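Chemist: Sharing a structure below in structure tokens format, with a few things to ask.
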Amino acid sequence: MKTEVREAGVAAVAVALGGVLLGVLWWWLAPHVPLVGDVVGGKWIVYLKDTEGEQAVGVDGTFALLGLAFGVVSALAVFLLRRRGGVPLVVGLAVGGLLGSLLAWRVGVWLGPAEDVVARARDVGRGVTFSAPLRLGAKGALLAWPLAALVLHLGLTALFGPRDPEPEFSDGPYQTPPAA
């Protein structure tokens with residue numbers, strides 16, 4: 001049991017560290033939400049350049065799709081390395097995927113544009129378009145990685161995992177009563 005828990009911990013840490021790569025890819029691939037700053041009544045205001053744009057939804061969708069891809073890769077890697085599975089390993093995979101998603105979210109926000117949009121609007125000037133901070137509006141996207149990893153690992157274990165030996169019966173599974 002100690003070995004299984006140790007393997008699960010190693011799997012969780014290894015999967016979670018993949019969150020750094022996910023965060024960098026999210027920052028790089030996510031669409032930029034264009035903002036514009038203006039001065040009204042002596043105060044700076046910031047608004048969306050394209051009010052009907054779908055870039056904000058694209059940011060969430062990019063994170064979710066990348067999370068699904070990382071879930072598939074991590075489940076496949078864990079299955080190929082530890083084919084026999086087990087509850088601790090599956091828990092480690094799920095925890096690692098969730099921690100990786102959280103790490104990716106924070107890395108992407110950290111790498112993205114500054115959070116203070118009014119200061120950024122002042123820096124670029126009045127009427128100049130600039131990118132909004134990278135935000136994850138749909139927090140449920142954080143679950144894409146662990147759920148994809150769990151579903152695929154379950155499927156791989158069901159299809160290709162080791163099987164329990166079949167019990168051997170001398171007369172089959174049911175005993176026939178002796179003939180009278």
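Ligands are numbered from 1 in the order shown, chains are lettered A, B, ... in the order of the structure tokens, and residues start at 1 in each chain.
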What lies within 6 Å of range 44-60 of chain A using only C-alpha atoms, ignoring chain neighbours under 2 positions off, as a short mmCIF file (atom, residue, chain, number, x, y, z; two decimals) with C-alpha atoms, in the first residue's frame?

Modeler:
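Below is the file that was written, result_31.cif:
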data_model
loop_
_atom_site.label_atom_id
_atom_site.label_comp_id
_atom_site.auth_asym_id
_atom_site.auth_seq_id
_atom_site.Cartn_x
_atom_site.Cartn_y
_atom_site.Cartn_z
CA ALA A 30 -5.88 32.58 -26.11
CA PRO A 31 -7.47 35.42 -28.08
CA VAL A 33 -9.82 40.94 -25.61
CA PRO A 34 -9.44 44.48 -27.04
CA LEU A 35 -10.06 47.40 -24.70
CA VAL A 36 -10.03 51.16 -25.30
CA GLY A 37 -9.48 53.95 -22.79
CA ASP A 38 -11.00 57.42 -22.87
CA VAL A 39 -11.27 60.45 -20.62
CA THR A 62 -9.02 27.78 -25.21
CA PHE A 63 -8.30 26.91 -21.59
CA LEU A 136 -10.84 32.75 -16.74
#

Chemist: Please report the interatomic distance between CA of Gly100 in chain A and CA of Val20 in chain A in Å with one decimal.

Modeler: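 CA of Val20 in chain A lies 7.4 Å from CA of Gly100 in chain A.
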
Chemist: Find the spatial neighbours of Val10 in chain A, counting only C-alpha atoms, within a cut-off of 10 Å - ignore same-chain residues fewer than 3 positions away - and output them as a list in words.

Modeler: Glu4, Val5, Arg6, Glu7, Val13, Ala14, Val15, Ala16, Leu89, Gly92, Leu93 and Gly96 of chain A

Chemist: Go through range 58-146 of chain A and collect every residue that DSSP, computed from the backbone, puts in helix (DSSP H, G or I); the answer should be as number ranges by chain.

Modeler: A: 58-81, 87-111, 117-124, 139-146

Chemist: Quick one: everything within 8 Å of Val72 in chain A, counting only C-alpha atoms, minus sequence neighbours fewer than 4 positions away in the same chain. Send it as number ranges by chain.

Modeler: A: 68, 76, 145, 148-149, 152

Chemist: For those residues, write all heavy atoms to a file as a CSV table (one decimal), in the first residue's frame.

Modeler:
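Output saved as result_15.csv:
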chain,number,residue,atom,x,y,z
A,68,LEU,N,-8.5,19.6,-21.8
A,68,LEU,CA,-8.9,18.3,-22.3
A,68,LEU,C,-7.7,17.6,-22.9
A,68,LEU,O,-7.5,16.4,-22.7
A,68,LEU,CB,-10.0,18.5,-23.3
A,68,LEU,CG,-11.4,18.8,-22.7
A,68,LEU,CD1,-12.4,19.1,-23.9
A,68,LEU,CD2,-11.9,17.8,-21.8
A,76,LEU,N,-3.0,9.0,-20.5
A,76,LEU,CA,-2.2,8.0,-21.3
A,76,LEU,C,-0.9,7.7,-20.8
A,76,LEU,O,-0.4,6.6,-20.7
A,76,LEU,CB,-2.1,8.5,-22.8
A,76,LEU,CG,-1.6,7.6,-23.8
A,76,LEU,CD1,-2.5,6.3,-23.9
A,76,LEU,CD2,-1.5,8.3,-25.2
A,145,TRP,N,-9.3,19.2,-17.3
A,145,TRP,CA,-8.1,18.3,-17.2
A,145,TRP,C,-8.4,17.1,-16.4
A,145,TRP,O,-8.2,16.0,-16.8
A,145,TRP,CB,-6.9,19.1,-16.8
A,145,TRP,CG,-5.6,18.4,-16.7
A,145,TRP,CD1,-5.4,17.1,-16.9
A,145,TRP,CD2,-4.3,19.0,-16.6
A,145,TRP,NE1,-4.0,16.8,-16.8
A,145,TRP,CE2,-3.4,18.0,-16.6
A,145,TRP,CE3,-3.9,20.3,-16.4
A,145,TRP,CZ2,-2.0,18.2,-16.5
A,145,TRP,CZ3,-2.6,20.6,-16.2
A,145,TRP,CH2,-1.6,19.5,-16.3
A,148,ALA,N,-11.2,14.8,-17.9
A,148,ALA,CA,-10.7,14.1,-19.1
A,148,ALA,C,-9.7,13.0,-18.8
A,148,ALA,O,-9.8,11.8,-19.3
A,148,ALA,CB,-10.1,15.0,-20.1
A,149,ALA,N,-8.9,13.3,-17.8
A,149,ALA,CA,-7.9,12.2,-17.4
A,149,ALA,C,-8.5,11.1,-16.7
A,149,ALA,O,-8.2,9.9,-17.0
A,149,ALA,CB,-6.9,12.9,-16.4
A,152,LEU,N,-10.6,8.9,-19.5
A,152,LEU,CA,-9.7,8.2,-20.4
A,152,LEU,C,-9.0,7.1,-19.6
A,152,LEU,O,-8.9,6.0,-20.1
A,152,LEU,CB,-8.7,9.1,-21.1
A,152,LEU,CG,-7.9,8.4,-22.1
A,152,LEU,CD1,-8.7,7.8,-23.2
A,152,LEU,CD2,-6.8,9.3,-22.6

Chemist: Would you mind telling me which residue in A:Val151, A:Leu21, A:Ala158, A:Ala141 lies nearest to Gly67 in chain A when using only C-alpha atoms?

Modeler: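 Counting only C-alpha atoms, the residue closest to Gly67 in chain A is A:Ala141.
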
Chemist: Under the rule that only C-alpha atoms are counted, which of A:Leu154, A:Ala12, A:Lys43, A:Thr3 is the nearest residue to Ala121 in chain A?

Modeler: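 Checking each of A:Leu154, A:Ala12, A:Lys43, A:Thr3 against Ala121 in chain A, counting only C-alpha atoms, the winner is A:Lys43.
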
Chemist: Can you work out which one of A:Gly19, A:Val117, A:Leu134, A:Thr129 has the shortest atom-to-atom distance to Leu102 in chain A, counting only C-alpha atoms?

Modeler: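 Distance minimum relative to Leu102 in chain A lands on A:Gly19.
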
Chemist: Residues of range 3-161 of chain A classed as strand (DSSP E) by DSSP on the backbone are to be reported as a list of chain:residue names.

Modeler: A:Pro34, A:Leu35, A:Val36, A:Gly37, A:Asp38, A:Val39, A:Val40, A:Lys43, A:Trp44, A:Ile45, A:Val46, A:Tyr47, A:Leu48, A:Thr129, A:Phe130, A:Ser131

Chemist: Please dump the current selection as a PDB file, in the first residue's frame; keep C-alpha atoms.

Modeler:
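Dumped to again.pdb:
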ATOM      1  CA  PRO A  34      -9.441  44.480 -27.036  1.00  0.00           C
ATOM      2  CA  LEU A  35     -10.060  47.404 -24.703  1.00  0.00           C
ATOM      3  CA  VAL A  36     -10.028  51.155 -25.304  1.00  0.00           C
ATOM      4  CA  GLY A  37      -9.482  53.949 -22.788  1.00  0.00           C
ATOM      5  CA  ASP A  38     -11.003  57.415 -22.873  1.00  0.00           C
ATOM      6  CA  VAL A  39     -11.274  60.447 -20.624  1.00  0.00           C
ATOM      7  CA  VAL A  40     -14.791  61.467 -19.606  1.00  0.00           C
ATOM      8  CA  LYS A  43     -11.627  60.559 -15.292  1.00  0.00           C
ATOM      9  CA  TRP A  44     -10.311  57.645 -17.286  1.00  0.00           C
ATOM     10  CA  ILE A  45     -12.777  54.971 -18.300  1.00  0.00           C
ATOM     11  CA  VAL A  46     -12.039  51.702 -20.055  1.00  0.00           C
ATOM     12  CA  TYR A  47     -14.505  49.835 -22.244  1.00  0.00           C
ATOM     13  CA  LEU A  48     -14.571  46.986 -24.739  1.00  0.00           C
ATOM     14  CA  THR A 129      -6.560  49.678 -28.379  1.00  0.00           C
ATOM     15  CA  PHE A 130      -4.824  47.414 -25.859  1.00  0.00           C
ATOM     16  CA  SER A 131      -5.357  43.893 -24.541  1.00  0.00           C
TER      17      SER A 131
END

Chemist: Could you name the residues that touch Leu159 in chain A at 12 Å or less, counting only C-alpha atoms, but leaving out those on the same chain fewer than 6 positions away, as a list in words?

Modeler: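 The residues satisfying every condition are Phe79, Arg83, Arg84, Leu152 and His153 of chain A.
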
Chemist: Would you mind exporting all heavy atoms of the selected residues as a PDB file, in the first residue's frame?

Modeler:
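Dumped to selection.pdb:
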ATOM      1  N   PHE A  79      -1.234   5.705 -17.515  1.00  0.00           N
ATOM      2  CA  PHE A  79      -1.643   4.331 -17.797  1.00  0.00           C
ATOM      3  C   PHE A  79      -0.485   3.516 -18.364  1.00  0.00           C
ATOM      4  O   PHE A  79      -0.283   2.362 -17.982  1.00  0.00           O
ATOM      5  CB  PHE A  79      -2.820   4.302 -18.772  1.00  0.00           C
ATOM      6  CG  PHE A  79      -3.236   2.913 -19.140  1.00  0.00           C
ATOM      7  CD1 PHE A  79      -3.954   2.139 -18.248  1.00  0.00           C
ATOM      8  CD2 PHE A  79      -2.872   2.354 -20.352  1.00  0.00           C
ATOM      9  CE1 PHE A  79      -4.325   0.844 -18.564  1.00  0.00           C
ATOM     10  CE2 PHE A  79      -3.235   1.064 -20.674  1.00  0.00           C
ATOM     11  CZ  PHE A  79      -3.963   0.301 -19.782  1.00  0.00           C
ATOM     12  N   ARG A  83       0.358   0.394 -15.531  1.00  0.00           N
ATOM     13  CA  ARG A  83      -0.796  -0.230 -16.173  1.00  0.00           C
ATOM     14  C   ARG A  83      -1.795  -0.833 -15.189  1.00  0.00           C
ATOM     15  O   ARG A  83      -2.981  -0.904 -15.456  1.00  0.00           O
ATOM     16  CB  ARG A  83      -0.318  -1.305 -17.135  1.00  0.00           C
ATOM     17  CG  ARG A  83      -1.421  -1.799 -18.027  1.00  0.00           C
ATOM     18  CD  ARG A  83      -0.852  -2.586 -19.138  1.00  0.00           C
ATOM     19  NE  ARG A  83      -0.114  -1.693 -20.013  1.00  0.00           N
ATOM     20  CZ  ARG A  83      -0.288  -1.646 -21.317  1.00  0.00           C
ATOM     21  NH1 ARG A  83      -1.138  -2.445 -21.883  1.00  0.00           N
ATOM     22  NH2 ARG A  83       0.404  -0.819 -22.049  1.00  0.00           N
ATOM     23  N   ARG A  84      -1.336  -1.233 -14.051  1.00  0.00           N
ATOM     24  CA  ARG A  84      -2.257  -1.926 -13.145  1.00  0.00           C
ATOM     25  C   ARG A  84      -3.236  -0.984 -12.443  1.00  0.00           C
ATOM     26  O   ARG A  84      -4.219  -1.404 -11.882  1.00  0.00           O
ATOM     27  CB  ARG A  84      -1.490  -2.755 -12.128  1.00  0.00           C
ATOM     28  CG  ARG A  84      -0.752  -1.946 -11.113  1.00  0.00           C
ATOM     29  CD  ARG A  84      -0.065  -2.856 -10.104  1.00  0.00           C
ATOM     30  NE  ARG A  84       0.593  -2.061  -9.100  1.00  0.00           N
ATOM     31  CZ  ARG A  84       1.809  -1.596  -9.205  1.00  0.00           C
ATOM     32  NH1 ARG A  84       2.520  -1.870 -10.274  1.00  0.00           N
ATOM     33  NH2 ARG A  84       2.338  -0.868  -8.255  1.00  0.00           N
ATOM     34  N   LEU A 152     -10.609   8.946 -19.476  1.00  0.00           N
ATOM     35  CA  LEU A 152      -9.745   8.182 -20.365  1.00  0.00           C
ATOM     36  C   LEU A 152      -9.008   7.079 -19.607  1.00  0.00           C
ATOM     37  O   LEU A 152      -8.871   5.959 -20.113  1.00  0.00           O
ATOM     38  CB  LEU A 152      -8.741   9.092 -21.059  1.00  0.00           C
ATOM     39  CG  LEU A 152      -7.855   8.369 -22.066  1.00  0.00           C
ATOM     40  CD1 LEU A 152      -8.692   7.797 -23.205  1.00  0.00           C
ATOM     41  CD2 LEU A 152      -6.785   9.273 -22.604  1.00  0.00           C
ATOM     42  N   HIS A 153      -8.529   7.361 -18.408  1.00  0.00           N
ATOM     43  CA  HIS A 153      -7.834   6.333 -17.631  1.00  0.00           C
ATOM     44  C   HIS A 153      -8.782   5.180 -17.312  1.00  0.00           C
ATOM     45  O   HIS A 153      -8.385   4.012 -17.373  1.00  0.00           O
ATOM     46  CB  HIS A 153      -7.250   6.930 -16.348  1.00  0.00           C
ATOM     47  CG  HIS A 153      -6.300   6.018 -15.656  1.00  0.00           C
ATOM     48  ND1 HIS A 153      -6.713   5.067 -14.750  1.00  0.00           N
ATOM     49  CD2 HIS A 153      -4.963   5.881 -15.759  1.00  0.00           C
ATOM     50  CE1 HIS A 153      -5.666   4.403 -14.318  1.00  0.00           C
ATOM     51  NE2 HIS A 153      -4.599   4.874 -14.908  1.00  0.00           N
TER      52      HIS A 153
END

Chemist: Return the single residue from A:Gly23, A:Gly71, A:Pro167, A:Pro113 that is closest to Leu150 in chain A, with distances computed using only C-alpha atoms.

Modeler: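 Closest to Leu150 in chain A of all the choices is A:Gly71.
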
Chemist: For the atom pair CA of Phe160 in chain A and CA of Ser101 in chain A, what is the interatomic distance in Å to one decimal place?

Modeler: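 Between CA of Phe160 in chain A and CA of Ser101 in chain A the gap works out to 27.5 Å.
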
Chemist: Find the distance between CA of Gly140 in chain A and CA of Val24 in chain A and write it in Å to one decimal.

Modeler: 19.4 Å

Chemist: Give me the residues within 6 Å of Ala94 in chain A as an MDAnalysis selection string, counting only C-alpha atoms and dropping any in the same chain fewer than 3 places off.

Modeler: chainID A and resid 91 97 146
